[in-house]
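What follows is a short report on a single structure.
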Amino acid sequence: MGYGITIRVQGDYALFTRPEMKVERVSYDVITPSAARGLIEAIYWKPAIRWVIDKIYVMNEIQFTNIRRNEVSEKISTSEAERRMKGATTPFYLDVVNARQQRAAMVLKNVDYIIAAHFELVPDKAGADDTAEKHYNIVLRRLRKGQYYHAPCLGTREFSARVELIEDKDSLISPLVGVRDLGWMLYDLDFTDSHNIQPQFFKAEMRDGVIDLTQIKEMKR
């Protein structure tokens, strides 16, 4: 296992969308490993390292609420972007007024997570100066200063996250008790084949408020 960090993530609302819901957005019960990884990468990411989520501590009771959100019903196609890159001069934009749709969403509220993660060096991307100690010290410094590349969020951009470094890792405990079956949850996306990106799902279980990702027993695509 590589160098590890532990952070606390809090927010008023969060939305970790279930992919099986096609129109209205419905959140998973807790933050997904891929969302946790993306949140850490917002603070520090380099091609030479790969973040791995080890444990997720759920510190508050799981609570849902319903809201309505403005979304757009279409997106700009890749082919349109390529046309502009090749010299096309027609206007290039998305009319958000005419493409706007209001949709219901079931979101989490008052979320509070502690995320334990570590990073590993990527052999084919790491250079001679890419040492584990170097990257570890950089991410610690950025966390202590509250620095980030882009604002950390809880699933979607409008739900901002408050992030702090946990220095004392010996007293981590969730106030929740019991076992909760969370069903199949998105673990991450497999980019091995860039032309056929595959989602990975795992059977999620929360024991006494902790999702231990080092003990995953079942995974599917």
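All residue names refer to the structure tokens as shown: chains lettered A, B, ... in order, residues numbered from 1 in each chain, ligands numbered from 1 in order.
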Write out as a VMD selection string all residues of range 5-184 of chain A that DSSP puts in strand (DSSP E) for this structure's backbone.
chain A and resid 5 to 14 25 to 26 49 to 58 64 to 72 100 to 121 153 to 154 156 to 160 162 to 165 179 to 184
Selection: 7 Å around Gln102 in chain A, only C-alpha atoms, excl. self and same-chain fewer than 3 positions, as a PDB file with N, CA and C atoms, in the first residue's frame:
ATOM      1  N   ARG A  68     -35.858  20.474  -6.880  1.00  0.00           N
ATOM      2  CA  ARG A  68     -35.967  20.594  -8.329  1.00  0.00           C
ATOM      3  C   ARG A  68     -34.754  21.372  -8.826  1.00  0.00           C
ATOM      4  N   ARG A  69     -34.170  20.867  -9.913  1.00  0.00           N
ATOM      5  CA  ARG A  69     -32.944  21.452 -10.447  1.00  0.00           C
ATOM      6  C   ARG A  69     -33.129  21.798 -11.913  1.00  0.00           C
ATOM      7  N   ASN A  70     -32.487  22.890 -12.349  1.00  0.00           N
ATOM      8  CA  ASN A  70     -32.477  23.239 -13.765  1.00  0.00           C
ATOM      9  C   ASN A  70     -31.344  22.496 -14.447  1.00  0.00           C
ATOM     10  N   GLU A  71     -31.659  21.782 -15.517  1.00  0.00           N
ATOM     11  CA  GLU A  71     -30.666  21.089 -16.318  1.00  0.00           C
ATOM     12  C   GLU A  71     -30.908  21.426 -17.784  1.00  0.00           C
TER      13      GLU A  71
END
Give me, as a PDB file with C-alpha atoms, in the first residue's frame, all polymer residues having an atom no more than 9 Å from Ala204 in chain A, counting only C-alpha atoms and skipping those fewer than 6 positions away in the same chain.
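For reference, out_27.pdb as written:
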ATOM      1  CA  ARG A 180     -26.685  -1.896   6.278  1.00  0.00           C
ATOM      2  CA  ASP A 181     -26.834  -3.496   2.840  1.00  0.00           C
ATOM      3  CA  LEU A 182     -26.384  -0.724   0.262  1.00  0.00           C
ATOM      4  CA  GLY A 183     -26.873  -2.969  -2.756  1.00  0.00           C
ATOM      5  CA  TRP A 184     -24.862  -2.697  -5.952  1.00  0.00           C
ATOM      6  CA  MET A 185     -22.919   0.559  -6.114  1.00  0.00           C
ATOM      7  CA  ILE A 211     -17.575   0.901   4.128  1.00  0.00           C
ATOM      8  CA  ASP A 212     -14.337  -1.069   3.948  1.00  0.00           C
ATOM      9  CA  LEU A 213     -13.292  -1.097   0.293  1.00  0.00           C
ATOM     10  CA  ILE A 216     -14.613  -6.055  -1.496  1.00  0.00           C
ATOM     11  CA  GLU A 218     -17.865  -9.227  -5.254  1.00  0.00           C
TER      12      GLU A 218
END
So which one's closest to Ala105 in chain A, A:Ser27, A:Gln215, A:Thr90, A:Ser73? Using only C-alpha atoms, please.
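Closest residue, counting only C-alpha atoms: A:Ser27.
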Nearest to Val139 in chain A by atom-to-atom distance, counting only C-alpha atoms, from A:Leu121, A:Ala42, A:Met21, A:Leu94
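Ranking A:Leu121, A:Ala42, A:Met21, A:Leu94 by distance to Val139 in chain A, first place goes to A:Ala42.
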Near Ile31 in chain A, counting only C-alpha atoms, which residues have an atom at most 8 Å away, once you skip same-chain residues fewer than 3 positions from it, shown as a PDB file with all heavy atoms, in the first residue's frame?
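The result, written out as around10.pdb:
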ATOM      1  N   PHE A  16     -25.089  11.740  -5.634  1.00  0.00           N
ATOM      2  CA  PHE A  16     -24.277  10.718  -6.281  1.00  0.00           C
ATOM      3  C   PHE A  16     -25.238   9.839  -7.090  1.00  0.00           C
ATOM      4  O   PHE A  16     -25.781   8.858  -6.590  1.00  0.00           O
ATOM      5  CB  PHE A  16     -23.503   9.916  -5.240  1.00  0.00           C
ATOM      6  CG  PHE A  16     -22.753  10.797  -4.268  1.00  0.00           C
ATOM      7  CD1 PHE A  16     -23.160  10.905  -2.942  1.00  0.00           C
ATOM      8  CD2 PHE A  16     -21.667  11.542  -4.687  1.00  0.00           C
ATOM      9  CE1 PHE A  16     -22.490  11.725  -2.053  1.00  0.00           C
ATOM     10  CE2 PHE A  16     -20.984  12.378  -3.805  1.00  0.00           C
ATOM     11  CZ  PHE A  16     -21.399  12.466  -2.483  1.00  0.00           C
ATOM     12  N   TYR A  28     -27.320   7.729  -4.629  1.00  0.00           N
ATOM     13  CA  TYR A  28     -26.957   6.598  -3.787  1.00  0.00           C
ATOM     14  C   TYR A  28     -27.087   7.022  -2.325  1.00  0.00           C
ATOM     15  O   TYR A  28     -27.128   8.224  -2.006  1.00  0.00           O
ATOM     16  CB  TYR A  28     -25.517   6.174  -4.049  1.00  0.00           C
ATOM     17  CG  TYR A  28     -25.303   5.332  -5.287  1.00  0.00           C
ATOM     18  CD1 TYR A  28     -24.647   5.853  -6.398  1.00  0.00           C
ATOM     19  CD2 TYR A  28     -25.724   4.009  -5.338  1.00  0.00           C
ATOM     20  CE1 TYR A  28     -24.429   5.088  -7.536  1.00  0.00           C
ATOM     21  CE2 TYR A  28     -25.512   3.235  -6.470  1.00  0.00           C
ATOM     22  CZ  TYR A  28     -24.865   3.772  -7.565  1.00  0.00           C
ATOM     23  OH  TYR A  28     -24.642   3.006  -8.679  1.00  0.00           O
ATOM     24  N   ALA A  35     -16.606   8.949  -6.718  1.00  0.00           N
ATOM     25  CA  ALA A  35     -16.829  10.344  -6.340  1.00  0.00           C
ATOM     26  C   ALA A  35     -15.813  10.789  -5.299  1.00  0.00           C
ATOM     27  O   ALA A  35     -15.327  11.922  -5.319  1.00  0.00           O
ATOM     28  CB  ALA A  35     -18.252  10.525  -5.809  1.00  0.00           C
ATOM     29  N   ALA A  36     -15.479   9.890  -4.365  1.00  0.00           N
ATOM     30  CA  ALA A  36     -14.471  10.206  -3.345  1.00  0.00           C
ATOM     31  C   ALA A  36     -13.112  10.415  -3.997  1.00  0.00           C
ATOM     32  O   ALA A  36     -12.364  11.331  -3.630  1.00  0.00           O
ATOM     33  CB  ALA A  36     -14.404   9.079  -2.317  1.00  0.00           C
ATOM     34  N   LEU A 154     -19.698  17.586  -4.110  1.00  0.00           N
ATOM     35  CA  LEU A 154     -20.326  16.340  -3.665  1.00  0.00           C
ATOM     36  C   LEU A 154     -21.268  15.837  -4.747  1.00  0.00           C
ATOM     37  O   LEU A 154     -22.479  15.962  -4.662  1.00  0.00           O
ATOM     38  CB  LEU A 154     -21.053  16.575  -2.343  1.00  0.00           C
ATOM     39  CG  LEU A 154     -20.121  16.846  -1.157  1.00  0.00           C
ATOM     40  CD1 LEU A 154     -20.878  17.514  -0.015  1.00  0.00           C
ATOM     41  CD2 LEU A 154     -19.474  15.554  -0.683  1.00  0.00           C
TER      42      LEU A 154
END
So how far away is CA of Pro175 in chain A from CA of Lys109 in chain A, in Å?
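So the two atoms, CA of Lys109 in chain A and CA of Pro175 in chain A, lie 17.3 Å apart.
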Taking only C-alpha atoms into account, name the residue in A:Val23, A:Ile40, A:Leu165, A:Ile173 that is nearest to Gln101 in chain A.
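Closest to Gln101 in chain A, using only C-alpha atoms: A:Val23.
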Pick out each residue of range 3-218 of chain A that DSSP on the backbone tags as alpha helix (DSSP H); I need them as an NGL selection string.
:A and (33-43 or 78-85 or 132-145)
Serialized selection, N, CA and C atoms, as an mmCIF file, in the first residue's frame:
data_model
loop_
_atom_site.group_PDB
_atom_site.id
_atom_site.type_symbol
_atom_site.label_atom_id
_atom_site.label_comp_id
_atom_site.auth_asym_id
_atom_site.auth_seq_id
_atom_site.Cartn_x
_atom_site.Cartn_y
_atom_site.Cartn_z
ATOM 1 N N PRO A 33 -17.125 5.368 -4.255
ATOM 2 C CA PRO A 33 -15.655 5.427 -4.291
ATOM 3 C C PRO A 33 -15.130 6.316 -5.412
ATOM 4 N N SER A 34 -15.778 6.283 -6.586
ATOM 5 C CA SER A 34 -15.304 7.115 -7.692
ATOM 6 C C SER A 34 -15.499 8.599 -7.392
ATOM 7 N N ALA A 35 -16.606 8.949 -6.718
ATOM 8 C CA ALA A 35 -16.829 10.344 -6.340
ATOM 9 C C ALA A 35 -15.813 10.789 -5.299
ATOM 10 N N ALA A 36 -15.479 9.890 -4.365
ATOM 11 C CA ALA A 36 -14.471 10.206 -3.345
ATOM 12 C C ALA A 36 -13.112 10.415 -3.997
ATOM 13 N N ARG A 37 -12.792 9.567 -4.973
ATOM 14 C CA ARG A 37 -11.517 9.722 -5.685
ATOM 15 C C ARG A 37 -11.487 11.046 -6.450
ATOM 16 N N GLY A 38 -12.583 11.368 -7.132
ATOM 17 C CA GLY A 38 -12.639 12.624 -7.865
ATOM 18 C C GLY A 38 -12.501 13.831 -6.965
ATOM 19 N N LEU A 39 -13.049 13.732 -5.762
ATOM 20 C CA LEU A 39 -12.950 14.829 -4.809
ATOM 21 C C LEU A 39 -11.496 15.057 -4.396
ATOM 22 N N ILE A 40 -10.767 13.957 -4.161
ATOM 23 C CA ILE A 40 -9.355 14.081 -3.797
ATOM 24 C C ILE A 40 -8.546 14.595 -4.975
ATOM 25 N N GLU A 41 -8.870 14.142 -6.181
ATOM 26 C CA GLU A 41 -8.144 14.596 -7.368
ATOM 27 C C GLU A 41 -8.373 16.077 -7.631
ATOM 28 N N ALA A 42 -9.498 16.634 -7.150
ATOM 29 C CA ALA A 42 -9.717 18.072 -7.275
ATOM 30 C C ALA A 42 -8.681 18.844 -6.466
ATOM 31 N N ILE A 43 -8.171 18.209 -5.426
ATOM 32 C CA ILE A 43 -7.166 18.847 -4.570
ATOM 33 C C ILE A 43 -5.760 18.594 -5.101
ATOM 34 N N THR A 78 -19.290 16.224 -29.992
ATOM 35 C CA THR A 78 -17.859 16.225 -30.280
ATOM 36 C C THR A 78 -17.589 16.625 -31.726
ATOM 37 N N SER A 79 -18.448 16.173 -32.622
ATOM 38 C CA SER A 79 -18.248 16.500 -34.040
ATOM 39 C C SER A 79 -18.343 17.998 -34.292
ATOM 40 N N GLU A 80 -19.242 18.683 -33.539
ATOM 41 C CA GLU A 80 -19.343 20.136 -33.686
ATOM 42 C C GLU A 80 -18.072 20.823 -33.192
ATOM 43 N N ALA A 81 -17.528 20.328 -32.117
ATOM 44 C CA ALA A 81 -16.271 20.898 -31.607
ATOM 45 C C ALA A 81 -15.142 20.673 -32.604
ATOM 46 N N GLU A 82 -15.099 19.490 -33.200
ATOM 47 C CA GLU A 82 -14.046 19.188 -34.177
ATOM 48 C C GLU A 82 -14.168 20.071 -35.413
ATOM 49 N N ARG A 83 -15.390 20.382 -35.814
ATOM 50 C CA ARG A 83 -15.584 21.268 -36.966
ATOM 51 C C ARG A 83 -14.979 22.643 -36.709
ATOM 52 N N ARG A 84 -15.161 23.170 -35.496
ATOM 53 C CA ARG A 84 -14.575 24.480 -35.168
ATOM 54 C C ARG A 84 -13.055 24.404 -35.124
ATOM 55 N N MET A 85 -12.537 23.274 -34.656
ATOM 56 C CA MET A 85 -11.088 23.089 -34.610
ATOM 57 C C MET A 85 -10.481 23.067 -36.014
ATOM 58 N N ALA A 132 7.400 8.898 -4.109
ATOM 59 C CA ALA A 132 6.205 8.871 -3.270
ATOM 60 C C ALA A 132 6.270 9.963 -2.199
ATOM 61 N N GLU A 133 7.451 10.176 -1.625
ATOM 62 C CA GLU A 133 7.604 11.187 -0.583
ATOM 63 C C GLU A 133 7.283 12.583 -1.110
ATOM 64 N N LYS A 134 7.711 12.857 -2.335
ATOM 65 C CA LYS A 134 7.460 14.166 -2.943
ATOM 66 C C LYS A 134 5.966 14.433 -3.071
ATOM 67 N N HIS A 135 5.233 13.500 -3.663
ATOM 68 C CA HIS A 135 3.799 13.703 -3.862
ATOM 69 C C HIS A 135 3.043 13.717 -2.534
ATOM 70 N N TYR A 136 3.475 12.919 -1.594
ATOM 71 C CA TYR A 136 2.827 12.874 -0.286
ATOM 72 C C TYR A 136 2.949 14.231 0.415
ATOM 73 N N ASN A 137 4.121 14.808 0.399
ATOM 74 C CA ASN A 137 4.323 16.106 1.043
ATOM 75 C C ASN A 137 3.538 17.212 0.344
ATOM 76 N N ILE A 138 3.430 17.117 -0.969
ATOM 77 C CA ILE A 138 2.674 18.141 -1.708
ATOM 78 C C ILE A 138 1.194 18.088 -1.343
ATOM 79 N N VAL A 139 0.616 16.876 -1.331
ATOM 80 C CA VAL A 139 -0.816 16.787 -1.036
ATOM 81 C C VAL A 139 -1.108 17.194 0.407
ATOM 82 N N LEU A 140 -0.216 16.871 1.336
ATOM 83 C CA LEU A 140 -0.409 17.315 2.720
ATOM 84 C C LEU A 140 -0.385 18.834 2.808
ATOM 85 N N ARG A 141 0.556 19.447 2.108
ATOM 86 C CA ARG A 141 0.659 20.913 2.143
ATOM 87 C C ARG A 141 -0.592 21.559 1.536
ATOM 88 N N ARG A 142 -1.078 21.005 0.451
ATOM 89 C CA ARG A 142 -2.261 21.575 -0.185
ATOM 90 C C ARG A 142 -3.501 21.432 0.703
ATOM 91 N N LEU A 143 -3.626 20.287 1.368
ATOM 92 C CA LEU A 143 -4.764 20.084 2.263
ATOM 93 C C LEU A 143 -4.701 21.034 3.457
ATOM 94 N N ARG A 144 -3.531 21.212 4.009
ATOM 95 C CA ARG A 144 -3.395 22.098 5.178
ATOM 96 C C ARG A 144 -3.662 23.550 4.821
ATOM 97 N N LYS A 145 -3.367 23.935 3.579
ATOM 98 C CA LYS A 145 -3.566 25.327 3.154
ATOM 99 C C LYS A 145 -4.931 25.543 2.501
#
Any idea what's packed within 8 Å of Arg8 in chain A, counting only C-alpha atoms, ignoring anything in its chain fewer than 6 positions away? Could you give it as JSON, numbers by chain?
{"A": [112, 113, 114, 115, 162, 163, 164, 165, 166]}
